[in-house]
$ cat start27.pdb   # PDB, C-alpha atoms
ATOM      1  CA  MET A 889       6.177   6.896  15.685
ATOM      2  CA  LEU A 890       3.245   8.567  13.950
ATOM      3  CA  CYS A 891       0.284   8.909  16.297
ATOM      4  CA  GLU A 892      -3.017  10.723  16.020
ATOM      5  CA  ARG A 893      -1.720  13.076  18.733
ATOM      6  CA  ALA A 894       1.951  13.687  19.509
ATOM      7  CA  THR A 895       1.229  12.992  23.190
ATOM      8  CA  ASP A 896      -0.028   9.448  22.486
ATOM      9  CA  ARG A 897       2.112   6.638  23.895
ATOM     10  CA  PRO A 898       1.278   3.083  22.794
ATOM     11  CA  PRO A 899       1.452   0.590  25.670
ATOM     12  CA  GLY A 900       4.329  -1.743  26.440
ATOM     13  CA  LEU A 901       7.090  -0.329  24.234
ATOM     14  CA  GLY A 902       9.257   1.252  26.925
ATOM     15  CA  GLY A 903      11.595  -1.732  27.186
ATOM     16  CA  LEU A 904      12.671  -1.668  23.551
ATOM     17  CA  PRO A 905      16.223  -0.368  22.900
ATOM     18  CA  LEU A 906      14.912   2.147  20.364
ATOM     19  CA  ASP A 907      15.005   5.931  20.266
ATOM     20  CA  PHE A 908      11.358   6.783  19.639
ATOM     21  CA  ARG A 909      10.357  10.129  18.201
ATOM     22  CA  TYR A 910       6.638  10.619  18.770
ATOM     23  CA  CYS A 911       4.750  12.913  16.446
ATOM     24  CA  ALA A 912       1.409  13.693  14.864
ATOM     25  CA  ALA A 913       1.046  14.174  11.122
ATOM     26  CA  ASP A 914       2.113  17.823  11.248
ATOM     27  CA  GLY A 915       5.410  16.850  12.881
ATOM     28  CA  LEU A 916       6.255  13.828  10.754
ATOM     29  CA  ARG A 917       8.532  15.667   8.325
ATOM     30  CA  ALA A 918      10.971  16.640  11.058
ATOM     31  CA  ALA A 919      10.675  13.364  12.957
ATOM     32  CA  VAL A 920      11.286  11.084   9.974
ATOM     33  CA  GLU A 921      14.615  12.656   9.000
ATOM     34  CA  GLY A 922      17.315  10.075   9.709
ATOM     35  CA  ALA A 923      14.793   7.547  11.052
ATOM     36  CA  GLN A 924      15.371   3.940  10.034
ATOM     37  CA  ALA A 925      11.956   2.604  11.037
ATOM     38  CA  LEU A 926       8.484   4.121  11.206
ATOM     39  CA  LEU A 927       5.585   2.821  13.262
ATOM     40  CA  LEU A 928       2.216   4.004  11.964
ATOM     41  CA  TRP A 929       0.151   3.926  15.135
ATOM     42  CA  ASP A 930      -2.181   6.342  13.332
ATOM     43  CA  PHE A 931      -2.756   3.658  10.748
ATOM     44  CA  PHE A 932      -5.144   5.568   8.460
ATOM     45  CA  SER A 933      -2.812   8.531   8.014
ATOM     46  CA  THR A 934      -1.686   9.418   4.498
ATOM     47  CA  ALA A 935       1.110  11.694   5.748
ATOM     48  CA  VAL A 936       3.987   9.427   4.687
ATOM     49  CA  ARG A 937       3.466  10.299   1.026
ATOM     50  CA  ASP A 938       3.823  14.012   1.833
ATOM     51  CA  VAL A 939       7.182  13.600   3.620
ATOM     52  CA  TRP A 940       8.683  10.879   1.445
ATOM     53  CA  ALA A 941      11.473  13.126   0.180
ATOM     54  CA  ASP A 942      12.667  13.484   3.789
ATOM     55  CA  ALA A 943      12.481   9.757   4.579
ATOM     56  CA  GLY A 944      15.634   8.613   2.802
ATOM     57  CA  SER A 945      16.928   6.620   5.779
ATOM     58  CA  LEU A 946      13.832   4.480   6.206
ATOM     59  CA  GLU A 947      14.285   0.719   6.032
ATOM     60  CA  TRP A 948      11.009  -0.477   7.542
ATOM     61  CA  ILE A 949       7.436   0.776   8.005
ATOM     62  CA  HIS A 950       5.026  -1.094  10.263
ATOM     63  CA  VAL A 951       1.304  -0.356   9.957
ATOM     64  CA  THR A 952      -0.934  -1.303  12.883
ATOM     65  CA  ALA A 953      -3.770  -2.298  10.544
ATOM     66  CA  ALA A 954      -4.538  -5.217   8.273
ATOM     67  CA  GLY A 955      -5.170  -3.007   5.232
ATOM     68  CA  VAL A 956      -2.337  -0.864   3.873
ATOM     69  CA  ASP A 957      -4.244   0.924   1.116
ATOM     70  CA  THR A 958      -3.951   4.352   2.767
ATOM     71  CA  LEU A 959      -0.166   4.011   3.031
ATOM     72  CA  LEU A 960       0.939   2.701  -0.348
ATOM     73  CA  PHE A 961       1.961   4.996  -3.191
ATOM     74  CA  ASP A 962       4.150   4.454  -6.249
ATOM     75  CA  GLU A 963       7.443   5.724  -4.781
ATOM     76  CA  LEU A 964       7.068   3.505  -1.714
ATOM     77  CA  ARG A 965       6.114   0.496  -3.838
ATOM     78  CA  ASP A 966       9.232   0.963  -5.958
ATOM     79  CA  SER A 967      11.546   1.466  -2.976
ATOM     80  CA  ALA A 968      13.477  -1.060  -0.880
ATOM     81  CA  VAL A 969      11.554  -0.094   2.265
ATOM     82  CA  VAL A 970       9.917  -3.132   3.850
ATOM     83  CA  VAL A 971       6.271  -2.769   4.886
ATOM     84  CA  THR A 972       4.723  -5.003   7.544
ATOM     85  CA  ASN A 973       1.192  -4.994   8.913
ATOM     86  CA  ALA A 974      -1.002  -6.276  11.757
ATOM     87  CA  HIS A 975      -1.750  -9.577  10.065
ATOM     88  CA  GLY A 976      -3.555 -11.950  12.434
ATOM     89  CA  VAL A 977      -4.630  -9.455  15.099
ATOM     90  CA  PHE A 978      -8.086  -8.787  13.718
ATOM     91  CA  ASP A 979      -9.022 -12.155  12.200
ATOM     92  CA  ARG A 980     -11.108 -13.621  15.027
ATOM     93  CA  PRO A 981     -12.703 -10.336  16.199
ATOM     94  CA  ILE A 982     -13.870  -9.496  12.683
ATOM     95  CA  ALA A 983     -15.150 -13.039  12.167
ATOM     96  CA  GLU A 984     -17.165 -12.670  15.376
ATOM     97  CA  TYR A 985     -18.563  -9.346  14.157
ATOM     98  CA  VAL A 986     -19.660 -10.950  10.899
ATOM     99  CA  LEU A 987     -21.307 -13.871  12.702
ATOM    100  CA  GLY A 988     -23.109 -11.388  14.944
ATOM    101  CA  ALA A 989     -24.311  -9.431  11.919
ATOM    102  CA  VAL A 990     -25.534 -12.611  10.216
ATOM    103  CA  ILE A 991     -27.450 -13.709  13.324
ATOM    104  CA  ALA A 992     -28.877 -10.219  13.907
ATOM    105  CA  HIS A 993     -30.165 -10.155  10.331
ATOM    106  CA  ALA A 994     -31.681 -13.628  10.565
ATOM    107  CA  LYS A 995     -33.349 -12.812  13.903
ATOM    108  CA  ASP A 996     -34.659  -9.437  12.685
ATOM    109  CA  SER A 997     -32.944  -7.657  15.561
ATOM    110  CA  ARG A 998     -33.324  -4.193  14.048
ATOM    111  CA  ARG A 999     -37.103  -4.573  14.117
ATOM    112  CA  SER A1000     -36.982  -5.895  17.670
ATOM    113  CA  PHE A1001     -35.040  -2.827  18.823
ATOM    114  CA  ASP A1002     -37.553  -0.548  17.098
ATOM    115  CA  LEU A1003     -40.479  -2.345  18.727
ATOM    116  CA  GLN A1004     -38.829  -2.128  22.137
ATOM    117  CA  ARG A1005     -38.425   1.635  21.795
ATOM    118  CA  GLU A1006     -42.111   1.840  20.842
ATOM    119  CA  ARG A1007     -43.063  -0.493  23.725
ATOM    120  CA  ARG A1008     -44.957  -2.675  21.272
ATOM    121  CA  TRP A1009     -45.413  -6.413  21.829
ATOM    122  CA  GLN A1010     -45.398  -7.993  18.369
ATOM    123  CA  HIS A1011     -44.772 -11.708  18.007
ATOM    124  CA  ARG A1012     -42.915 -12.663  14.849
ATOM    125  CA  GLU A1013     -41.172 -15.630  13.296
ATOM    126  CA  THR A1014     -37.534 -15.291  12.310
ATOM    127  CA  ARG A1015     -35.088 -17.352  10.323
ATOM    128  CA  SER A1016     -32.450 -19.854  11.349
ATOM    129  CA  VAL A1017     -28.856 -19.479  10.240
ATOM    130  CA  LEU A1018     -28.589 -23.252   9.953
ATOM    131  CA  GLY A1019     -28.224 -24.054   6.261
ATOM    132  CA  ALA A1020     -28.086 -20.404   5.182
ATOM    133  CA  LYS A1021     -25.541 -19.598   2.475
ATOM    134  CA  ALA A1022     -22.653 -17.145   2.852
ATOM    135  CA  LEU A1023     -20.298 -15.982   0.112
ATOM    136  CA  VAL A1024     -17.109 -14.520   1.595
ATOM    137  CA  VAL A1025     -15.360 -12.202  -0.864
ATOM    138  CA  GLY A1026     -11.668 -12.264   0.007
ATOM    139  CA  THR A1027      -9.794 -15.444   0.849
ATOM    140  CA  GLY A1028      -7.053 -14.004   3.054
ATOM    141  CA  ALA A1029      -6.701 -14.566   6.790
ATOM    142  CA  ILE A1030      -9.765 -12.515   7.797
ATOM    143  CA  GLY A1031     -11.947 -14.159   5.172
ATOM    144  CA  ARG A1032     -10.760 -17.592   6.247
ATOM    145  CA  ALA A1033     -11.407 -16.955   9.938
ATOM    146  CA  THR A1034     -14.869 -15.729   8.985
ATOM    147  CA  ALA A1035     -15.559 -18.785   6.843
ATOM    148  CA  ARG A1036     -14.531 -21.150   9.631
ATOM    149  CA  LEU A1037     -16.748 -19.453  12.207
ATOM    150  CA  LEU A1038     -19.764 -19.273   9.897
ATOM    151  CA  SER A1039     -19.311 -22.936   9.044
ATOM    152  CA  VAL A1040     -19.279 -23.881  12.729
ATOM    153  CA  ALA A1041     -22.555 -21.956  13.126
ATOM    154  CA  GLY A1042     -24.106 -24.159  10.440
ATOM    155  CA  LEU A1043     -23.933 -21.952   7.363
ATOM    156  CA  GLN A1044     -22.916 -23.171   3.923
ATOM    157  CA  VAL A1045     -19.867 -21.151   2.894
ATOM    158  CA  ARG A1046     -18.111 -20.370  -0.351
ATOM    159  CA  GLY A1047     -15.221 -18.026  -1.027
ATOM    160  CA  ALA A1048     -14.667 -15.581  -3.862
ATOM    161  CA  GLY A1049     -11.069 -14.886  -4.895
ATOM    162  CA  ARG A1050      -8.928 -14.012  -7.877
ATOM    163  CA  VAL A1051      -8.802 -17.606  -9.083
ATOM    164  CA  ALA A1052     -11.620 -20.151  -8.906
ATOM    165  CA  ARG A1053     -10.698 -23.474  -7.325
ATOM    166  CA  GLY A1054     -12.150 -26.401  -5.426
ATOM    167  CA  ASP A1055     -11.252 -28.359  -2.308
ATOM    168  CA  ASP A1056     -10.193 -25.296  -0.335
ATOM    169  CA  PRO A1057      -9.710 -26.221   3.363
ATOM    170  CA  ASP A1058     -11.791 -23.289   4.652
ATOM    171  CA  PHE A1059     -14.195 -22.461   1.827
ATOM    172  CA  GLY A1060     -14.628 -25.743   0.022
ATOM    173  CA  GLU A1061     -15.292 -23.975  -3.268
ATOM    174  CA  VAL A1062     -13.760 -20.651  -4.289
ATOM    175  CA  VAL A1063     -15.410 -18.833  -7.181
ATOM    176  CA  ALA A1064     -13.868 -16.067  -9.267
ATOM    177  CA  SER A1065     -14.465 -12.606  -7.806
ATOM    178  CA  GLY A1066     -14.060 -11.147 -11.280
ATOM    179  CA  ASN A1067     -17.419 -12.701 -12.138
ATOM    180  CA  LEU A1068     -19.123 -11.724  -8.893
ATOM    181  CA  SER A1069     -22.491 -10.814 -10.407
ATOM    182  CA  ALA A1070     -22.862 -14.419 -11.558
ATOM    183  CA  GLU A1071     -22.116 -15.774  -8.072
ATOM    184  CA  VAL A1072     -23.861 -13.565  -5.502
ATOM    185  CA  GLY A1073     -27.343 -14.876  -6.299
ATOM    186  CA  TRP A1074     -26.415 -18.116  -4.538
ATOM    187  CA  ALA A1075     -25.946 -16.413  -1.180
ATOM    188  CA  ASP A1076     -28.170 -15.231   1.650
ATOM    189  CA  HIS A1077     -25.212 -13.265   3.025
ATOM    190  CA  VAL A1078     -22.422 -11.661   0.986
ATOM    191  CA  VAL A1079     -19.453 -10.777   3.205
ATOM    192  CA  LEU A1080     -16.758  -8.413   1.931
ATOM    193  CA  ALA A1081     -13.366  -9.156   3.503
ATOM    194  CA  ALA A1082     -10.979  -8.342   0.644
ATOM    195  CA  PRO A1083      -8.173  -5.765   0.668
ATOM    196  CA  LEU A1084      -8.724  -2.538  -1.248
ATOM    197  CA  THR A1085      -6.673  -2.755  -4.440
ATOM    198  CA  ALA A1086      -7.083  -1.614  -8.017
ATOM    199  CA  ALA A1087      -8.879  -4.906  -8.711
ATOM    200  CA  THR A1088     -11.376  -4.591  -5.829
ATOM    201  CA  ARG A1089     -12.161  -0.872  -5.935
ATOM    202  CA  GLY A1090     -15.788  -0.592  -7.069
ATOM    203  CA  LEU A1091     -16.064  -4.385  -7.264
ATOM    204  CA  VAL A1092     -19.578  -4.412  -5.801
ATOM    205  CA  ASP A1093     -21.340  -2.200  -8.301
ATOM    206  CA  ALA A1094     -24.959  -1.784  -9.359
ATOM    207  CA  GLY A1095     -24.823  -4.985 -11.397
ATOM    208  CA  VAL A1096     -23.566  -7.078  -8.496
ATOM    209  CA  LEU A1097     -26.104  -5.563  -6.091
ATOM    210  CA  ALA A1098     -28.952  -6.186  -8.538
ATOM    211  CA  ALA A1099     -27.831  -9.805  -8.895
ATOM    212  CA  MET A1100     -28.032 -10.425  -5.149
ATOM    213  CA  ARG A1101     -30.949 -12.529  -3.955
ATOM    214  CA  PRO A1102     -33.991 -10.414  -2.922
ATOM    215  CA  GLY A1103     -33.944 -10.031   0.843
ATOM    216  CA  SER A1104     -30.286 -11.029   1.128
ATOM    217  CA  HIS A1105     -27.710  -9.292   3.287
ATOM    218  CA  LEU A1106     -24.455  -7.503   2.472
ATOM    219  CA  VAL A1107     -21.794  -7.241   5.200
ATOM    220  CA  ASN A1108     -18.804  -4.974   4.553
ATOM    221  CA  VAL A1109     -15.852  -5.304   6.953
ATOM    222  CA  ALA A1110     -13.273  -4.562   4.252
ATOM    223  CA  ARG A1111     -13.058  -1.019   2.856
ATOM    224  CA  GLY A1112     -15.817   1.357   1.807
ATOM    225  CA  PRO A1113     -14.658   1.993  -1.778
ATOM    226  CA  ILE A1114     -15.092  -1.697  -2.632
ATOM    227  CA  VAL A1115     -18.812  -0.895  -2.825
ATOM    228  CA  ASP A1116     -20.503   1.668  -5.087
ATOM    229  CA  GLU A1117     -22.171   3.629  -2.291
ATOM    230  CA  GLY A1118     -24.751   5.292  -4.536
ATOM    231  CA  ALA A1119     -25.830   1.963  -6.006
ATOM    232  CA  LEU A1120     -26.010   0.512  -2.495
ATOM    233  CA  LEU A1121     -28.340   3.283  -1.370
ATOM    234  CA  ASP A1122     -30.637   2.473  -4.285
ATOM    235  CA  ALA A1123     -30.548  -1.244  -3.470
ATOM    236  CA  VAL A1124     -31.534  -0.769   0.178
ATOM    237  CA  ALA A1125     -34.048   2.011  -0.538
ATOM    238  CA  ASP A1126     -36.219  -0.263  -2.649
ATOM    239  CA  GLY A1127     -35.926  -3.112  -0.127
ATOM    240  CA  HIS A1128     -33.961  -5.372  -2.471
ATOM    241  CA  ILE A1129     -31.260  -6.107   0.132
ATOM    242  CA  ALA A1130     -30.217  -5.283   3.695
ATOM    243  CA  ALA A1131     -26.711  -4.242   4.726
ATOM    244  CA  THR A1132     -24.426  -4.186   7.746
ATOM    245  CA  LEU A1133     -21.671  -1.663   7.130
ATOM    246  CA  ASP A1134     -18.553  -1.065   9.218
ATOM    247  CA  VAL A1135     -16.614   0.850   6.548
ATOM    248  CA  PHE A1136     -17.444   3.725   4.199
ATOM    249  CA  ASP A1137     -16.062   5.812   1.353
ATOM    250  CA  ARG A1138     -15.302   8.645   3.765
ATOM    251  CA  GLU A1139     -14.862   8.211   7.481
ATOM    252  CA  PRO A1140     -16.192   9.258   9.859
ATOM    253  CA  LEU A1141     -19.571   9.063   8.158
ATOM    254  CA  SER A1142     -21.010  12.571   8.042
ATOM    255  CA  PRO A1143     -24.082  13.163  10.252
ATOM    256  CA  ASP A1144     -26.222  14.002   7.211
ATOM    257  CA  HIS A1145     -25.234  10.941   5.185
ATOM    258  CA  PRO A1146     -28.319   9.053   3.954
ATOM    259  CA  LEU A1147     -26.928   5.692   5.085
ATOM    260  CA  TRP A1148     -27.695   6.641   8.705
ATOM    261  CA  THR A1149     -31.415   6.511   8.024
ATOM    262  CA  ALA A1150     -31.533   4.116   5.084
ATOM    263  CA  PRO A1151     -33.969   1.226   5.584
ATOM    264  CA  ASN A1152     -32.489  -2.136   6.567
ATOM    265  CA  VAL A1153     -29.002  -0.715   7.099
ATOM    266  CA  THR A1154     -26.904  -1.152  10.247
ATOM    267  CA  VAL A1155     -24.006   1.285  10.627
ATOM    268  CA  THR A1156     -20.999   0.810  12.917
ATOM    269  CA  ALA A1157     -17.976   3.077  13.265
ATOM    270  CA  HIS A1158     -15.159   1.009  11.673
ATOM    271  CA  MET A1159     -14.886  -1.082  14.819
ATOM    272  CA  SER A1160     -15.411  -4.672  13.700
ATOM    273  CA  GLY A1161     -11.915  -5.733  14.758
ATOM    274  CA  ASP A1162     -11.506  -3.501  17.789
ATOM    275  CA  VAL A1163     -12.095  -5.640  20.867
ATOM    276  CA  ILE A1164     -10.984  -4.728  24.386
ATOM    277  CA  GLY A1165      -7.183  -5.024  24.585
ATOM    278  CA  TRP A1166      -6.585  -4.652  20.854
ATOM    279  CA  ARG A1167      -4.076  -1.815  21.265
ATOM    280  CA  ASP A1168      -2.002  -3.932  23.658
ATOM    281  CA  THR A1169      -1.989  -6.750  21.101
ATOM    282  CA  LEU A1170      -0.912  -4.380  18.329
ATOM    283  CA  ALA A1171       1.920  -2.969  20.435
ATOM    284  CA  ALA A1172       3.125  -6.449  21.426
ATOM    285  CA  GLN A1173       3.113  -7.522  17.786
ATOM    286  CA  PHE A1174       5.233  -4.529  16.806
ATOM    287  CA  ALA A1175       7.615  -5.117  19.727
ATOM    288  CA  ASN A1176       8.163  -8.700  18.619
ATOM    289  CA  ASN A1177       8.975  -7.581  15.086
ATOM    290  CA  ALA A1178      11.197  -4.771  16.358
ATOM    291  CA  ARG A1179      13.300  -7.263  18.303
ATOM    292  CA  ARG A1180      13.676  -9.319  15.146
ATOM    293  CA  TRP A1181      14.684  -6.214  13.193
ATOM    294  CA  LEU A1182      17.277  -5.241  15.777
ATOM    295  CA  ALA A1183      18.686  -8.790  15.743
ATOM    296  CA  GLY A1184      18.890  -8.874  11.955
ATOM    297  CA  GLU A1185      16.257 -11.622  11.747
ATOM    298  CA  PRO A1186      13.582 -11.812   9.026
ATOM    299  CA  LEU A1187      10.542  -9.674   9.766
ATOM    300  CA  LEU A1188       7.082 -11.180  10.097
ATOM    301  CA  ASN A1189       3.979 -10.108   8.139
ATOM    302  CA  ILE A1190       5.785  -8.600   5.145
ATOM    303  CA  VAL A1191       3.355  -7.012   2.707
ATOM    304  CA  ASP A1192       3.770  -7.510  -1.029
ATOM    305  CA  LYS A1193       3.741  -3.828  -1.953
ATOM    306  CA  LYS A1194       2.771  -4.503  -5.557
ATOM    307  CA  LEU A1195      -0.228  -6.619  -4.567
ATOM    308  CA  GLY A1196      -1.155  -4.509  -1.544
ATOM    309  CA  TYR A1197      -1.434  -7.399   0.929
ATOM    310  CA  ILE A1198       0.361 -10.436   2.306
ATOM    311  CA  PRO A1199      -0.035 -13.220  -0.279
ATOM    312  CA  THR A1200      -1.124 -15.950   2.161
ATOM    313  CA  GLY A1201      -3.578 -17.314  -0.378
ATOM    314  CA  ASP A1202      -4.811 -16.372  -3.835
ATOM    315  CA  ARG A1203      -7.432 -13.785  -3.005
TER     316      ARG A1203
END
$ encode --input "start27.pdb" --output "structure tokens"
Amino acid sequence: MLCERATDRPPGLGGLPLDFRYCAADGLRAAVEGAQALLLWDFFSTAVRDVWADAGSLEWIHVTAAGVDTLLFDELRDSAVVVTNAHGVFDRPIAEYVLGAVIAHAKDSRRSFDLQRERRWQHRETRSVLGAKALVVGTGAIGRATARLLSVAGLQVRGAGRVARGDDPDFGEVVASGNLSAEVGWADHVVLAAPLTAATRGLVDAGVLAAMRPGSHLVNVARGPIVDEGALLDAVADGHIAATLDVFDREPLSPDHPLWTAPNVTVTAHMSGDVIGWRDTLAAQFANNARRWLAGEPLLNIVDKKLGYIPTGDR
């Protein structure tokens, strides 16, 4: 089990008939020798690539995250090792985060907080979310949970995925993400919920940002490299758009990064899916899959290593 610290012990796994070897990244090479399964509790670690030559006995890797972009590399993709992820754990929490970000933007909460710190009483009118338009980029489980919650709140929702289609049960209409600059002008809120793959890296570039409606709002709960960070800084600096960002090119965000003080930008520390009790849920999900593995039953949440995600829908 790869943890951030070798002394970490995820909750609720003591009853499993498994011989756990706990390690941090610097101890993974020794720990992985002869191991048949690997639990990545430190789910952003890239250490597996470095010890791959010593991992010849591995049959299964479980990642306690929805995204597996930091794990995958060519040798793993081409191997018979099964990769599973935390599919389903973060769907509702992230959808709630997005709804909160949408409401905070509509109600001008950033300005209210500033005025409170200044002890200034300034009456203002704000916008309703009823009838506002949201384009959710990424039509997997997190995007779908987000679309459903935004719809309940009264927003008009569309999805953006690899293939355009109509009559989708959660999005109604899905437009092609490959033509995103032609689609974002429709939306008041553009929500990024897609996995990081070769197709989505740099997807939101200067052209897409320029095509967004003036005064609209970008929410990124996916991965930082999906957005051209330099182009985003330009877009918020001139007041063209606002942004709520939970993910970044490099994390943690350095204290001197200009996004901290950029106008109309809200920064959170990659925490959109991390609600109280989330570690217990992740451990229970792994335990359930481990019992299936020990019993020779099919594993749940198997990632398509070539695509980089679970193909639950055409994203």
$ residues_around --input "start27.pdb" --residues "Arg1046 of chain A" --least-positions-apart "6" --cutoff "6 Å" --atoms "all atoms listed in the file" --output "tab-separated table (two decimals) with C-alpha atoms, in the frame of the given file"
chain	number	residue	atom	x	y	z
A	1023	LEU	CA	-20.30	-15.98	0.11
A	1059	PHE	CA	-14.20	-22.46	1.83
A	1061	GLU	CA	-15.29	-23.98	-3.27
A	1062	VAL	CA	-13.76	-20.65	-4.29
$ resolve_selection --input "start27.pdb" --expression "the PyMOL selection byres ((chain A and resi 1095) around 12)" --output "PyMOL selection string"
chain A and resi 1067-1073+1090-1094+1096-1100+1115-1116+1119-1120+1122-1123
$ resolve_selection --input "start27.pdb" --expression "the PyMOL selection byres ((chain A and resi 928) around 7)" --output "ChimeraX atom specification"
/A:889-891,926-927,929-931,950-952
$ resolve_selection --input "start27.pdb" --expression "the PyMOL selection byres ((chain A and resi 986) around 8)" --output "NGL selection string"
:A and (982-985 or 987-990 or 1034 or 1079 or 1107 or 1109)
$ closest_atom_pairs --input "start27.pdb" --of "segment 991-1046 of chain A" --to "segment 1154-1172 of chain A" --cutoff "10 Å" --atoms "only C-alpha atoms" --output "tab-separated table"
residue	atom	partner	partner_atom	distance
A:Ala992	CA	A:Thr1154	CA	10.0
A:His993	CA	A:Thr1154	CA	9.6
A:Arg998	CA	A:Thr1154	CA	8.1
A:Ile1030	CA	A:Gly1161	CA	10.0
$ closest_residue --input "start27.pdb" --among "A:Asp1055, A:Glu921, A:Asp1192, A:Asp1076" --to "Thr972 of chain A" --atoms "all atoms listed in the file"
A:Asp1192
$ atom_distance --input "start27.pdb" --atom1 "atom CA of Val1078 of chain A" --atom2 "atom CA of Ala1022 of chain A"
5.8 Å
$ closest_residue --input "start27.pdb" --among "A:Pro899, A:Ala925, A:Leu916, A:Val956" --to "Ala941 of chain A" --atoms "only C-alpha atoms"
A:Leu916
$ residues_around --input "start27.pdb" --residues "Arg1089 of chain A" --least-positions-apart "6" --cutoff "12 Å" --atoms "all atoms listed in the file" --output "ChimeraX atom specification"
/A:957,1066,1080,1082-1083,1110-1117,1137
$ atom_distance --input "start27.pdb" --atom1 "atom CA of Asp966 of chain A" --atom2 "atom CA of Val939 of chain A"
16.0 Å
$ residues_around --input "start27.pdb" --residues "Leu960 of chain A" --least-positions-apart "6" --cutoff "9 Å" --atoms "all atoms listed in the file" --output "ChimeraX atom specification"
/A:934,936-937,1193,1196
$ atom_distance --input "start27.pdb" --atom1 "atom CA of His1077 of chain A" --atom2 "atom CA of Asn973 of chain A"
28.3 Å
$ residues_around --input "start27.pdb" --residues "His1128 of chain A" --least-positions-apart "2" --cutoff "7 Å" --atoms "all atoms listed in the file" --output "MDAnalysis selection string"
chainID A and resid 1102:1103 1123:1124 1126
$ residues_near_point --input "start27.pdb" --point "(3.6, 12.2, 15.3)" --cutoff "8 Å" --atoms "only C-alpha atoms" --output "PyMOL selection string"
chain A and resi 889-894+909-916+919
$ write_last_selection --input "start27.pdb" --atoms "C-alpha atoms" --output "PDB file, in the coordinates of the input"
ATOM      1  CA  MET A 889       6.177   6.896  15.685  1.00  0.00           C
ATOM      2  CA  LEU A 890       3.245   8.567  13.950  1.00  0.00           C
ATOM      3  CA  CYS A 891       0.284   8.909  16.297  1.00  0.00           C
ATOM      4  CA  GLU A 892      -3.017  10.723  16.020  1.00  0.00           C
ATOM      5  CA  ARG A 893      -1.720  13.076  18.733  1.00  0.00           C
ATOM      6  CA  ALA A 894       1.951  13.687  19.509  1.00  0.00           C
ATOM      7  CA  ARG A 909      10.357  10.129  18.201  1.00  0.00           C
ATOM      8  CA  TYR A 910       6.638  10.619  18.770  1.00  0.00           C
ATOM      9  CA  CYS A 911       4.750  12.913  16.446  1.00  0.00           C
ATOM     10  CA  ALA A 912       1.409  13.693  14.864  1.00  0.00           C
ATOM     11  CA  ALA A 913       1.046  14.174  11.122  1.00  0.00           C
ATOM     12  CA  ASP A 914       2.113  17.823  11.248  1.00  0.00           C
ATOM     13  CA  GLY A 915       5.410  16.850  12.881  1.00  0.00           C
ATOM     14  CA  LEU A 916       6.255  13.828  10.754  1.00  0.00           C
ATOM     15  CA  ALA A 919      10.675  13.364  12.957  1.00  0.00           C
TER      16      ALA A 919
END
$ closest_residue --input "start27.pdb" --among "A:Arg1138, A:His1105, A:Arg1180, A:His975" --to "Pro1199 of chain A" --atoms "only C-alpha atoms"
A:His975
$ closest_residue --input "start27.pdb" --among "A:Val971, A:Leu1038, A:Asn1152, A:Gly1031" --to "Asp996 of chain A" --atoms "all atoms listed in the file"
A:Asn1152
$ residues_near_point --input "start27.pdb" --point "(-10.4, -7.6, -3.3)" --cutoff "7 Å" --atoms "all atoms listed in the file" --output "list in words"
Gly1026, Ala1082, Pro1083, Leu1084, Thr1085, Ala1087, Thr1088 and Arg1203 of chain A
$ closest_residue --input "start27.pdb" --among "A:Leu1195, A:Leu1018, A:Pro1146, A:Phe961" --to "Val1040 of chain A" --atoms "all atoms listed in the file"
A:Leu1018
$ axis_aligned_box --input "start27.pdb" --around "segment 1073-1084 of chain A" --padding-each-side "3 Å" --output "AutoDock Vina command-line options"
--center_x -18.2 --center_y -10.3 --center_z -1.4 --size_x 26.0 --size_y 21.6 --size_z 15.8
